[in-house]
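Enquirer: Following this line is data.cif, made up of mmCIF, C-alpha atoms:
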data_my_file
loop_
_atom_site.label_atom_id
_atom_site.label_comp_id
_atom_site.auth_asym_id
_atom_site.auth_seq_id
_atom_site.Cartn_x
_atom_site.Cartn_y
_atom_site.Cartn_z
CA MET R 276 98.93 128.26 129.76
CA ILE R 277 98.51 130.61 126.82
CA THR R 278 101.66 129.35 125.12
CA LYS R 279 100.40 125.81 125.52
CA PHE R 280 97.23 126.63 123.62
CA ASN R 281 99.18 128.54 121.01
CA THR R 282 101.29 125.49 120.29
CA PHE R 283 98.18 123.34 120.07
CA TRP R 284 96.50 125.63 117.55
CA ALA R 285 99.66 126.07 115.57
CA LEU R 286 99.93 122.30 115.28
CA LEU R 287 96.27 121.92 114.33
CA GLY R 288 96.66 124.67 111.75
CA LEU R 289 99.70 122.96 110.31
CA MET R 290 97.79 119.67 110.05
CA PHE R 291 94.97 121.47 108.26
CA VAL R 292 97.28 123.08 105.75
CA THR R 293 99.11 119.80 105.22
CA SER R 294 96.02 117.74 104.55
CA SER R 295 94.46 120.35 102.32
CA ALA R 296 97.70 120.48 100.38
CA VAL R 297 97.51 116.72 99.94
CA ALA R 298 93.90 116.99 98.80
CA GLN R 299 94.73 119.76 96.37
CA ASP R 300 97.65 117.85 94.95
CA HIS R 301 95.41 114.90 94.19
CA ASP R 302 92.57 117.12 93.06
CA HIS R 303 94.88 118.56 90.46
CA GLU R 304 96.33 115.30 89.29
CA VAL R 305 93.11 113.34 89.20
CA HIS R 306 91.17 116.00 87.36
CA LYS R 307 93.85 116.59 84.83
CA GLU R 308 94.37 112.91 84.14
CA ALA R 309 90.65 112.25 84.08
CA ALA R 310 90.16 115.01 81.53
CA HIS R 311 93.05 113.65 79.53
CA LYS R 312 91.66 110.12 79.53
CA GLU R 313 88.16 111.26 78.68
CA ALA R 314 89.48 113.22 75.75
CA ALA R 315 91.47 110.22 74.61
CA ALA R 316 88.43 107.95 74.90
CA HIS R 317 86.44 110.46 72.88
CA ASP R 318 88.97 110.57 70.11
CA ASP R 319 89.63 106.87 69.84
CA SER R 320 86.17 105.43 69.60
CA HIS R 321 82.63 106.69 69.26
CA HIS R 322 80.88 105.42 72.34
CA ALA R 323 77.15 105.71 72.64
CA THR R 324 76.22 108.76 74.75
CA ALA R 325 74.32 106.58 77.21
CA LEU R 326 77.45 104.64 77.97
CA HIS R 327 79.55 107.73 78.43
CA GLU R 328 78.39 108.46 82.00
CA GLU R 329 79.35 104.98 83.19
CA ASP R 330 82.66 105.19 81.38
CA SER R 331 83.80 108.37 83.08
CA GLU R 332 83.00 106.83 86.46
CA THR R 333 85.18 103.78 85.85
CA ASP R 334 87.76 106.14 84.38
CA ILE R 335 87.97 108.13 87.61
CA LYS R 336 88.27 104.92 89.62
CA ALA R 337 91.07 103.72 87.36
CA VAL R 338 92.82 107.09 87.64
CA ILE R 339 92.54 107.02 91.45
CA LYS R 340 93.96 103.50 91.53
CA GLU R 341 96.78 104.59 89.26
CA THR R 342 97.54 107.63 91.45
CA ILE R 343 97.66 105.46 94.58
CA ASP R 344 99.88 102.86 92.91
CA HIS R 345 102.15 105.61 91.64
CA HIS R 346 102.43 107.06 95.13
CA LEU R 347 103.21 103.71 96.74
CA ALA R 348 105.83 102.64 94.21
CA ASP R 349 109.46 103.71 94.17
CA SER R 350 110.49 105.95 91.28
CA TYR R 351 113.53 107.35 89.51
CA ASP R 352 112.59 110.99 90.02
CA PHE R 353 111.34 113.00 92.97
CA HIS R 354 107.88 114.13 91.93
CA ILE R 355 106.18 116.50 94.37
CA THR R 356 103.32 117.93 92.35
CA ASP R 357 102.57 118.95 88.77
CA GLY R 358 105.75 120.34 87.26
CA ILE R 359 107.57 120.46 90.61
CA GLY R 360 110.20 117.82 91.19
CA PHE R 361 113.70 116.86 90.19
CA PRO R 362 115.35 113.87 88.48
CA LEU R 363 117.64 111.55 90.45
CA PRO R 364 120.82 109.83 89.28
CA VAL R 365 120.53 106.43 87.62
CA ILE R 366 123.46 104.10 88.32
CA LEU R 367 123.62 100.96 86.17
CA PHE R 368 126.21 98.23 86.16
CA ASP R 369 126.20 96.81 82.65
CA ASN R 370 129.47 96.56 80.66
CA GLY R 371 131.01 98.91 83.18
CA LEU R 372 129.52 101.56 85.40
CA LYS R 373 127.00 103.95 83.84
CA VAL R 374 125.82 107.04 85.65
CA PHE R 375 123.30 109.46 84.15
CA SER R 376 120.31 111.59 85.10
CA SER R 377 116.87 109.98 85.03
CA SER R 378 115.64 113.01 83.04
CA LYS R 379 117.11 111.26 79.96
CA PHE R 380 114.18 108.84 80.05
CA HIS R 381 111.70 111.75 79.67
CA HIS R 382 109.33 109.85 82.02
CA GLY R 383 109.47 106.79 79.80
CA HIS R 384 108.64 108.65 76.58
CA GLU R 385 112.13 108.36 75.10
CA VAL R 386 114.98 105.88 74.92
CA ALA R 387 118.13 106.94 76.78
CA SER R 388 121.40 106.30 74.87
CA ILE R 389 124.51 106.16 77.05
CA ASP R 390 127.94 105.23 75.64
CA GLY R 391 126.40 103.20 72.84
CA ASP R 392 123.92 101.31 75.04
CA ASN R 393 120.21 102.04 75.02
CA TYR R 394 117.91 101.87 78.03
CA VAL R 395 114.21 102.38 78.39
CA LEU R 396 112.01 103.11 81.41
CA TYR R 397 108.84 101.04 81.31
CA HIS R 398 106.31 100.92 84.17
CA GLY R 399 108.87 102.07 86.72
CA LYS R 400 111.58 99.59 85.72
CA ILE R 401 114.68 100.04 83.56
CA TYR R 402 115.18 97.63 80.63
CA LYS R 403 117.75 97.34 77.88
CA ALA R 404 116.16 98.84 74.80
CA LEU R 405 116.11 96.86 71.55
CA SER R 406 116.24 99.98 69.38
CA THR R 407 116.44 103.74 69.75
CA ASP R 408 112.79 104.15 68.79
CA ILE R 409 110.49 104.12 71.82
CA HIS R 410 107.73 102.17 70.00
CA THR R 411 109.92 99.19 69.15
CA ALA R 412 112.24 99.32 72.18
CA ILE R 413 110.20 96.87 74.25
CA ASP R 414 109.44 93.31 73.28
CA TYR R 415 106.54 91.33 74.77
CA ASP R 416 105.71 87.65 74.97
CA ASP R 417 102.23 86.15 74.45
CA HIS R 418 101.06 87.16 77.93
CA HIS R 419 102.13 90.77 77.39
CA HIS R 420 105.08 90.39 79.75
CA VAL R 421 108.26 92.28 78.91
CA THR R 422 111.01 89.96 77.63
CA ASN R 423 113.77 92.61 77.59
CA GLU R 424 116.90 92.07 79.64
CA LYS R 425 117.38 94.14 82.79
CA PRO R 426 120.73 95.74 83.70
CA LEU R 427 122.04 95.58 87.29
CA ASP R 428 120.44 98.61 88.90
CA PHE R 429 122.05 100.52 91.80
CA SER R 430 120.21 103.77 91.16
CA ILE R 431 119.55 106.45 93.75
CA THR R 432 115.77 106.14 93.60
CA LYS R 433 113.31 108.24 95.59
CA ASN R 434 113.44 105.85 98.54
CA VAL R 435 117.24 105.65 98.55
CA PHE R 436 117.39 109.42 98.31
CA MET R 437 115.07 109.82 101.32
CA ILE R 438 117.08 107.28 103.34
CA LEU R 439 120.28 109.23 102.63
CA VAL R 440 118.63 112.55 103.49
CA MET R 441 117.27 111.10 106.72
CA ALA R 442 120.63 109.51 107.62
CA ILE R 443 122.46 112.83 107.16
CA PHE R 444 119.74 114.67 109.09
CA MET R 445 119.89 112.17 111.96
CA PHE R 446 123.70 112.22 112.02
CA PHE R 447 123.87 115.98 112.45
CA LEU R 448 120.91 116.13 114.84
CA PHE R 449 122.17 113.46 117.24
CA SER R 450 125.89 114.24 117.07
CA GLY R 451 124.94 117.85 117.84
CA ILE R 452 122.94 116.74 120.87
CA ALA R 453 125.74 114.44 122.02
CA LYS R 454 128.27 117.30 121.72
CA SER R 455 126.11 119.66 123.78
CA TYR R 456 126.46 117.36 126.81
CA LYS R 457 130.19 118.04 126.93
CA THR R 458 129.60 121.64 127.99
CA SER R 459 126.59 121.16 130.27
CA LEU R 460 124.43 118.28 131.44
CA LYS R 461 121.31 120.34 130.80
CA PRO R 462 119.82 119.34 127.41
CA GLN R 463 120.04 122.05 124.75
CA LYS R 464 117.69 122.90 121.85
CA ALA R 465 116.44 119.68 120.16
CA GLY R 466 117.87 117.70 123.06
CA LYS R 467 115.14 119.12 125.29
CA PHE R 468 112.58 117.28 123.19
CA LEU R 469 114.57 114.17 122.33
CA GLU R 470 116.28 113.43 125.66
CA PRO R 471 113.12 112.02 127.31
CA ILE R 472 112.55 109.78 124.27
CA ILE R 473 116.14 108.51 124.30
CA ILE R 474 115.87 107.85 128.05
CA TYR R 475 112.55 106.09 127.42
CA VAL R 476 114.14 103.75 124.87
CA ARG R 477 116.87 102.95 127.39
CA ASP R 478 114.81 102.60 130.57
CA GLU R 479 111.56 101.14 129.22
CA ILE R 480 112.68 99.18 126.16
CA ALA R 481 116.34 98.14 126.46
CA ILE R 482 116.91 97.53 130.19
CA PRO R 483 113.73 95.52 131.02
CA ASN R 484 114.11 93.30 127.93
CA ILE R 485 117.86 92.83 127.64
CA GLY R 486 118.97 93.24 131.25
CA GLU R 487 121.30 95.62 133.10
CA LYS R 488 124.36 93.55 132.24
CA HIS R 489 124.23 93.51 128.42
CA TYR R 490 121.97 96.36 127.32
CA LYS R 491 124.73 98.91 126.54
CA LYS R 492 126.01 97.03 123.49
CA TYR R 493 122.59 97.21 121.80
CA MET R 494 121.62 100.80 122.65
CA SER R 495 123.15 102.30 119.50
CA TYR R 496 121.26 99.92 117.23
CA LEU R 497 117.96 100.25 119.11
CA LEU R 498 118.11 104.07 119.15
CA THR R 499 119.06 104.23 115.47
CA VAL R 500 116.27 101.89 114.42
CA PHE R 501 113.71 103.66 116.60
CA PHE R 502 114.42 107.16 115.30
CA PHE R 503 114.99 106.00 111.71
CA ILE R 504 111.59 104.30 111.55
CA TRP R 505 109.82 107.05 113.45
CA PHE R 506 111.23 109.92 111.36
CA LEU R 507 110.60 108.12 108.07
CA ASN R 508 107.04 107.27 109.15
CA LEU R 509 106.49 110.95 109.93
CA ALA R 510 108.06 111.93 106.60
CA GLY R 511 105.45 109.68 104.97
CA MET R 512 102.73 111.88 106.49
CA THR R 513 103.96 115.00 104.68
CA PRO R 514 102.49 115.78 101.25
CA LEU R 515 105.83 115.06 99.56
CA GLY R 516 104.68 111.56 98.61
CA ILE R 517 107.35 109.67 100.53
CA ASN R 518 106.68 106.01 101.28
CA VAL R 519 109.92 104.50 102.54
CA THR R 520 108.82 102.38 105.50
CA GLY R 521 105.91 101.09 103.39
CA ASN R 522 108.38 99.41 101.06
CA ILE R 523 109.07 95.74 101.75
CA ALA R 524 112.72 95.91 100.66
CA ILE R 525 113.50 98.45 103.37
CA THR R 526 111.66 96.64 106.15
CA PHE R 527 113.35 93.44 104.94
CA SER R 528 116.79 95.00 105.44
CA LEU R 529 115.84 96.26 108.90
CA ALA R 530 114.54 92.81 109.88
CA LEU R 531 117.64 91.15 108.39
CA MET R 532 119.95 93.35 110.49
CA THR R 533 117.95 92.51 113.61
CA PHE R 534 118.14 88.80 112.72
CA ILE R 535 121.91 88.87 112.21
CA ILE R 536 122.57 90.77 115.45
CA THR R 537 120.37 88.30 117.35
CA GLN R 538 122.16 85.23 115.97
CA VAL R 539 125.65 86.69 116.37
CA SER R 540 125.05 87.58 120.02
CA GLY R 541 123.40 84.20 120.81
CA LYS R 542 124.97 82.64 123.90
CA LYS R 543 125.23 78.93 124.79
CA ASP R 544 121.86 78.93 126.57
CA TYR R 545 120.14 80.46 123.53
CA TRP R 546 121.31 77.71 121.15
CA MET R 547 120.58 75.09 123.81
CA HIS R 548 116.97 76.27 124.00
CA ILE R 549 116.66 75.97 120.24
CA PHE R 550 118.30 72.58 119.58
CA TRP R 551 117.98 70.69 122.88
CA MET R 552 115.22 72.25 124.97
CA PRO R 553 115.92 71.57 128.65
CA GLY R 554 113.12 70.31 130.89
CA VAL R 555 111.26 68.50 128.09
CA PRO R 556 110.97 64.68 127.67
CA VAL R 557 113.66 63.34 125.30
CA VAL R 558 111.05 62.17 122.74
CA LEU R 559 109.79 65.72 122.37
CA LYS R 560 113.21 67.36 122.06
CA PRO R 561 113.65 66.91 118.25
CA VAL R 562 110.08 68.11 117.66
CA MET R 563 110.74 71.20 119.75
CA ALA R 564 113.97 71.80 117.84
CA ILE R 565 112.05 71.90 114.53
CA ILE R 566 109.46 74.30 115.94
CA GLU R 567 112.15 76.53 117.45
CA LEU R 568 114.07 76.57 114.16
CA ILE R 569 110.95 77.70 112.31
CA GLY R 570 110.39 80.30 115.02
CA LEU R 571 113.90 81.61 114.42
CA PHE R 572 112.91 82.75 110.92
CA VAL R 573 109.30 83.65 111.65
CA LYS R 574 110.39 86.33 114.15
CA PRO R 575 112.24 88.62 111.69
CA PHE R 576 109.65 87.79 109.02
CA SER R 577 106.84 89.09 111.22
CA LEU R 578 108.93 92.21 112.00
CA MET R 579 109.23 92.84 108.28
CA ILE R 580 105.57 92.24 107.43
CA ARG R 581 104.21 94.21 110.40
CA LEU R 582 106.00 97.49 109.65
CA TYR R 583 105.52 97.21 105.89
CA ALA R 584 101.83 96.32 106.05
CA ASN R 585 100.99 98.92 108.69
CA MET R 586 102.53 101.80 106.81
CA LEU R 587 101.27 100.63 103.42
CA ALA R 588 97.74 100.14 104.75
CA GLY R 589 97.82 103.60 106.33
CA HIS R 590 98.77 105.23 103.03
CA VAL R 591 96.25 103.23 101.00
CA VAL R 592 93.36 104.02 103.38
CA LEU R 593 94.15 107.75 103.50
CA MET R 594 94.47 108.06 99.73
CA SER R 595 91.39 105.94 99.05
CA ILE R 596 89.29 108.22 101.24
CA ILE R 597 90.62 111.27 99.45
CA GLY R 598 89.82 109.42 96.21
CA LEU R 599 86.20 108.88 97.34
CA ILE R 600 85.69 112.66 97.10
CA PHE R 601 86.20 112.39 93.34
CA VAL R 602 84.17 109.22 92.98
CA PHE R 603 81.13 110.91 94.55
CA GLY R 604 81.95 114.24 92.92
CA LYS R 605 79.51 116.19 95.08
CA TRP R 606 80.64 119.26 97.03
CA VAL R 607 78.32 118.33 99.93
CA ILE R 608 80.26 115.13 100.56
CA SER R 609 83.76 116.60 100.38
CA PRO R 610 83.89 118.17 103.88
CA ALA R 611 82.86 114.86 105.46
CA PHE R 612 85.69 112.99 103.73
CA PHE R 613 88.05 115.85 104.46
CA GLY R 614 87.23 115.55 108.17
CA LEU R 615 87.66 111.79 108.01
CA THR R 616 91.07 112.24 106.36
CA LEU R 617 92.08 114.66 109.11
CA VAL R 618 91.05 112.23 111.86
CA LEU R 619 92.79 109.33 110.13
CA SER R 620 95.94 111.46 109.67
CA LEU R 621 95.98 112.03 113.42
CA LEU R 622 95.59 108.27 113.93
CA GLU R 623 98.46 107.70 111.49
CA LEU R 624 100.67 110.01 113.57
CA LEU R 625 100.01 107.69 116.51
CA VAL R 626 100.68 104.60 114.37
CA ALA R 627 103.95 106.15 113.15
CA ALA R 628 105.27 106.31 116.71
CA LEU R 629 103.66 103.02 117.75
CA GLN R 630 105.26 101.02 114.92
CA ALA R 631 108.70 102.46 115.69
CA TYR R 632 108.14 101.52 119.34
CA ILE R 633 106.94 97.99 118.54
CA PHE R 634 109.82 97.30 116.18
CA THR R 635 112.40 98.48 118.72
CA MET R 636 110.63 96.67 121.55
CA LEU R 637 110.53 93.33 119.71
CA ALA R 638 114.15 93.73 118.54
CA ALA R 639 115.16 94.30 122.18
CA LEU R 640 113.11 91.27 123.21
CA TYR R 641 114.92 89.06 120.68
CA PHE R 642 118.35 90.41 121.73
CA GLY R 643 117.36 89.77 125.33
CA SER R 644 116.47 86.15 124.60
CA ALA R 645 119.82 85.71 122.82
CA VAL R 646 122.01 86.98 125.66
CA GLU R 647 119.96 85.57 128.54
CA GLU R 648 121.79 83.22 130.91
CA HIS R 649 119.88 80.67 133.00
CA ASP R 650 121.00 78.75 136.03
CA HIS R 651 119.97 75.15 135.57
CA HIS R 652 120.25 73.08 138.70
CA MET C 215 81.34 75.21 94.39
CA GLU C 216 84.68 76.89 94.84
CA ILE C 217 85.19 79.21 97.79
CA PRO C 218 87.14 82.33 96.85
CA GLU C 219 90.45 83.02 98.61
CA ILE C 220 89.21 86.29 100.01
CA VAL C 221 86.79 84.40 102.28
CA GLY C 222 89.73 82.75 104.00
CA ALA C 223 91.49 86.11 104.37
CA GLY C 224 88.28 87.50 105.86
CA LEU C 225 88.02 84.63 108.36
CA ILE C 226 91.60 85.21 109.49
CA VAL C 227 90.98 88.93 109.90
CA ILE C 228 87.86 88.18 111.97
CA GLY C 229 89.96 85.89 114.15
CA ALA C 230 92.72 88.47 114.53
CA GLY C 231 90.15 91.13 115.37
CA LEU C 232 88.55 88.96 118.06
CA GLY C 233 92.00 88.21 119.47
CA ILE C 234 93.10 91.84 119.66
CA GLY C 235 89.71 92.77 121.13
CA ARG C 236 90.14 90.20 123.87
CA ILE C 237 93.65 91.41 124.65
CA GLY C 238 92.45 95.01 124.85
CA GLY C 239 89.46 94.10 127.04
CA SER C 240 91.53 92.02 129.42
CA ALA C 241 94.16 94.75 129.66
CA MET C 242 91.39 97.25 130.55
CA GLU C 243 90.15 94.98 133.31
CA ALA C 244 93.67 94.41 134.60
CA ILE C 245 94.40 98.15 134.65
CA ALA C 246 91.12 98.80 136.48
CA ARG C 247 92.08 96.23 139.11
CA GLN C 248 95.68 97.37 139.46
CA PRO C 249 96.16 100.91 138.19
CA GLU C 250 99.71 100.99 139.57
CA ALA C 251 100.75 98.25 137.08
CA THR C 252 99.44 100.22 134.06
CA ALA C 253 102.83 100.63 132.35
CA LYS C 254 103.71 96.93 132.54
CA ILE C 255 100.26 95.81 131.38
CA GLN C 256 100.30 98.22 128.45
CA THR C 257 103.67 96.95 127.26
CA ALA C 258 102.59 93.32 127.42
CA MET C 259 99.30 94.22 125.69
CA LEU C 260 101.05 96.02 122.84
CA ILE C 261 103.46 93.15 122.23
CA ALA C 262 100.67 90.55 122.15
CA ALA C 263 98.52 92.75 119.92
CA ALA C 264 101.43 93.37 117.55
CA LEU C 265 102.08 89.63 117.21
CA ILE C 266 98.45 88.94 116.28
CA GLU C 267 98.31 91.93 113.98
CA GLY C 268 101.23 90.49 112.03
CA ILE C 269 99.18 87.39 111.23
CA GLY C 270 96.22 89.52 110.21
CA PHE C 271 98.31 91.50 107.74
CA ALA C 272 99.99 88.37 106.44
CA ALA C 273 96.52 87.01 105.61
CA LEU C 274 95.55 90.24 103.83
CA PHE C 275 98.68 90.28 101.69
CA ALA C 276 98.91 86.52 101.11
CA LYS C 277 95.77 86.85 98.99
#
Output the structure of this file as structure tokens.

Expert:
Amino acid sequence: MITKFNTFWALLGLMFVTSSAVAQDHDHEVHKEAAHKEAAAHDDSHHATALHEEDSETDIKAVIKETIDHHLADSYDFHITDGIGFPLPVILFDNGLKVFSSSKFHHGHEVASIDGDNYVLYHGKIYKALSTDIHTAIDYDDHHHVTNEKPLDFSITKNVFMILVMAIFMFFLFSGIAKSYKTSLKPQKAGKFLEPIIIYVRDEIAIPNIGEKHYKKYMSYLLTVFFFIWFLNLAGMTPLGINVTGNIAITFSLALMTFIITQVSGKKDYWMHIFWMPGVPVVLKPVMAIIELIGLFVKPFSLMIRLYANMLAGHVVLMSIIGLIFVFGKWVISPAFFGLTLVLSLLELLVAALQAYIFTMLAALYFGSAVEEHDHH
Amino acid sequence: MEIPEIVGAGLIVIGAGLGIGRIGGSAMEAIARQPEATAKIQTAMLIAAALIEGIGFAALFAK
């Protein structure tokens, strides 16, 4: 009983430390940037003093928006907090392969020259620079859009880096668990915690949806997707500023893989139900075929949007509420928003598991519909 | 007078909210009637709610 409570308090304590670390991180950044901007505004133009109050308020809002956008976007370096972080490799394919560290961009303040070619980092994207001077490197059209050419970019960005880290972590974790069953059937170490979840995916997700006969083929994919999404969602809750599952390119790839596996494993009955629906009047059959064909693509599309939007919305809401502390700027209000952030973080922990479950569940459902065999009399 | 896009997004979100509310309410009733079928009802509820939620998010981001 006592150990149970100890675990509970340890977890709660950890949550507290985590969220306060997040708050502090933003506190730091926002204040520093706000001060910076204010100073800049002061230097540039001589605003009337009456206007100044209003200006700083919109400034803080702009800074908060910028911080949130920065957090949600992918980047070429792993930035944890002020001064802590490391650059990641940039891999470009442009007149041959070019590999260099993203520190050469100096966060977009300098042009990087590699083997006679110049590149510039502008608003999170890499362009070919027109000159070696940062002020003339970028060319704009009338609508202030960049007209520079872009090289083919295969860089290890923050998201790619996190995917690789998570893949290696999962490989060692699960192959270790699998090995432990060779010596004894009793689960060891991490297996004690993960075995019930693996069994749950098999008995509650795969078997009821796919069927006893075919489920084994799909278990590896379902388990991989479940733990990949779940772990990355949880990684997004740490103050490291990771937002992998809230990136539409990643959810797109996951949905695409599910789509391909579904179509490849489609049996005769599956295609029959799409193109020539049995048990429907002949006049309706072509109409049904069109609807079913649309449905074919809507299914993976909704998988993609659901995961992406849920995780993105979670991050935006959490960060906006932290941002409200600075908008109000009163110490009385801060604890209330801090509490709200804590409660919402707990909710996000639930959503992290729920989204992994839903994605796996729907994938299993689609696989099940593809391999299903009917007896038509 | 032109109606802004966000009104449409709002209408869709209201619809999605009503839909998910109905699913949740009906699932509650079903569980109260047949507590032994809780696991099955919950699964069906989550799937239906997830499908509607997808539309809600699509409306939010289509803006």

Enquirer: I'd like the neighbourhood of Leu265 (chain C) as a PyMOL selection string, where a residue qualifies if any of its atoms comes within 10 Å (using only C-alpha atoms), though same-chain residues fewer than 2 positions away should be ignored.

Expert: (chain R and resi 574+577-578+581+633+637) or (chain C and resi 230+234+260-263+267-270)

Enquirer: Please, what distance in Å, to one decimal, runs between CA of Leu507 (chain R) and CA of Ser376 (chain R)?

Expert: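 About the pair CA of Leu507 (chain R) and CA of Ser376 (chain R): they are 25.2 Å apart.
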
Enquirer: Write out as a list in words which residues come within 7 Å of Pro362 (chain R) when counting all atoms listed in the file, dropping same-chain ones fewer than 6 positions away.

Expert: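 Residues meeting the cut-off are Tyr351, Asp352, Phe353, Ser376, Ser377 and Ser378 of chain R.
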
Enquirer: Could you please take those selected residues and save C-alpha atoms as a PDB file, keeping the file's coordinate frame?

Expert:
ATOM      1  CA  TYR R 351     113.530 107.350  89.510  1.00  0.00           C
ATOM      2  CA  ASP R 352     112.590 110.990  90.020  1.00  0.00           C
ATOM      3  CA  PHE R 353     111.340 113.000  92.970  1.00  0.00           C
ATOM      4  CA  SER R 376     120.310 111.590  85.100  1.00  0.00           C
ATOM      5  CA  SER R 377     116.870 109.980  85.030  1.00  0.00           C
ATOM      6  CA  SER R 378     115.640 113.010  83.040  1.00  0.00           C
TER       7      SER R 378
END

Enquirer: Here is a test: counting only C-alpha atoms, which residue of R:Phe501, R:Phe576, R:Tyr415, R:Phe603 is nearest to chain C?

Expert: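 For chain C, the nearest of the candidates is R:Phe576.
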
Enquirer: Would you mind listing, as a PyMOL selection string, all residues of chain R that have at least one atom within 12 Å of chain C, where all atoms listed in the file are what counts?

Expert: chain R and resi 479-480+483-484+523+573-588+626+629-640

Enquirer: May I ask which of the residues R:Val365, R:Ala404, R:Met437, R:Val476 is the closest one to Phe502 (chain R), counting only C-alpha atoms?

Expert: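 Under the stated criterion, the closest residue is R:Val476.
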
Enquirer: Could you tell me, as a VMD selection string, exactly which residues end up selected when the PyMOL selection byres ((chain R and resi 397) around 9) is applied to this structure?

Expert: chain R and resid 382 to 384 395 to 396 398 to 402 413

Enquirer: Env of Met242 (chain C): 10 Å cut, atoms = all atoms listed in the file, seq-sep filter 4 positions within chain, self excluded. Answer as a list in words.

Expert: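 Here the qualifying residues turn out to be Arg236, Ile237, Gly238, Ala246, Arg247, Gln248, Pro249, Thr252, Ile255, Gln256 and Met259 of chain C.
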
Enquirer: Grab all the atoms of region 242-261 of chain C that the file lists, wrap them in a box along x, y and z, add 4 Å per side, and give me centre plus edge lengths in Å (one decimal) as lines of an AutoDock Vina configuration file.

Expert:
center_x = 96.9
center_y = 97.1
center_z = 130.9
size_x = 21.6
size_y = 15.8
size_z = 25.3

Enquirer: So how far away is CA of His381 (chain R) from CA of Ile443 (chain R), in Å?

Expert: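 One can read the CA of Ile443 (chain R) to CA of His381 (chain R) distance as 29.5 Å.
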
Enquirer: What's around Ile536 (chain R) at 12 Å? Count only C-alpha atoms, leave out sequence neighbours fewer than 6 positions away in its own chain, and write the answer as a count of residues only.

Expert: 16

Enquirer: Could you please determine the separation between CA of His345 (chain R) and CA of Phe361 (chain R) in Å, to one decimal place?

Expert: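 Rounded to one decimal, the two atoms are 16.2 Å apart.
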
Enquirer: With the file shown as input, list the residues that the PyMOL selection byres ((chain C and resi 224) around 12) selects, as number ranges by chain.

Expert: C: 217-223, 225-231, 270-277

Enquirer: Residues of the last selection are to be written out with C-alpha atoms, as an mmCIF file, keeping the file's coordinate frame.

Expert:
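That gives us part.cif:
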data_model
loop_
_atom_site.group_PDB
_atom_site.id
_atom_site.type_symbol
_atom_site.label_atom_id
_atom_site.label_comp_id
_atom_site.auth_asym_id
_atom_site.auth_seq_id
_atom_site.Cartn_x
_atom_site.Cartn_y
_atom_site.Cartn_z
ATOM 1 C CA ILE C 217 85.190 79.210 97.790
ATOM 2 C CA PRO C 218 87.140 82.330 96.850
ATOM 3 C CA GLU C 219 90.450 83.020 98.610
ATOM 4 C CA ILE C 220 89.210 86.290 100.010
ATOM 5 C CA VAL C 221 86.790 84.400 102.280
ATOM 6 C CA GLY C 222 89.730 82.750 104.000
ATOM 7 C CA ALA C 223 91.490 86.110 104.370
ATOM 8 C CA LEU C 225 88.020 84.630 108.360
ATOM 9 C CA ILE C 226 91.600 85.210 109.490
ATOM 10 C CA VAL C 227 90.980 88.930 109.900
ATOM 11 C CA ILE C 228 87.860 88.180 111.970
ATOM 12 C CA GLY C 229 89.960 85.890 114.150
ATOM 13 C CA ALA C 230 92.720 88.470 114.530
ATOM 14 C CA GLY C 231 90.150 91.130 115.370
ATOM 15 C CA GLY C 270 96.220 89.520 110.210
ATOM 16 C CA PHE C 271 98.310 91.500 107.740
ATOM 17 C CA ALA C 272 99.990 88.370 106.440
ATOM 18 C CA ALA C 273 96.520 87.010 105.610
ATOM 19 C CA LEU C 274 95.550 90.240 103.830
ATOM 20 C CA PHE C 275 98.680 90.280 101.690
ATOM 21 C CA ALA C 276 98.910 86.520 101.110
ATOM 22 C CA LYS C 277 95.770 86.850 98.990
#

Enquirer: Quick one: residues within 7 Å of region 448-457 of chain R, all atoms listed in the file, excluding same-chain residues fewer than 5 positions away - as a compact mmCIF listing (two decimals) with C-alpha atoms, in the frame of the given file?

Expert:
# COMPACT_ATOMS: atom_id res chain seq x y z
CA PRO R 462 119.82 119.34 127.41
CA GLN R 463 120.04 122.05 124.75
CA GLY R 466 117.87 117.70 123.06
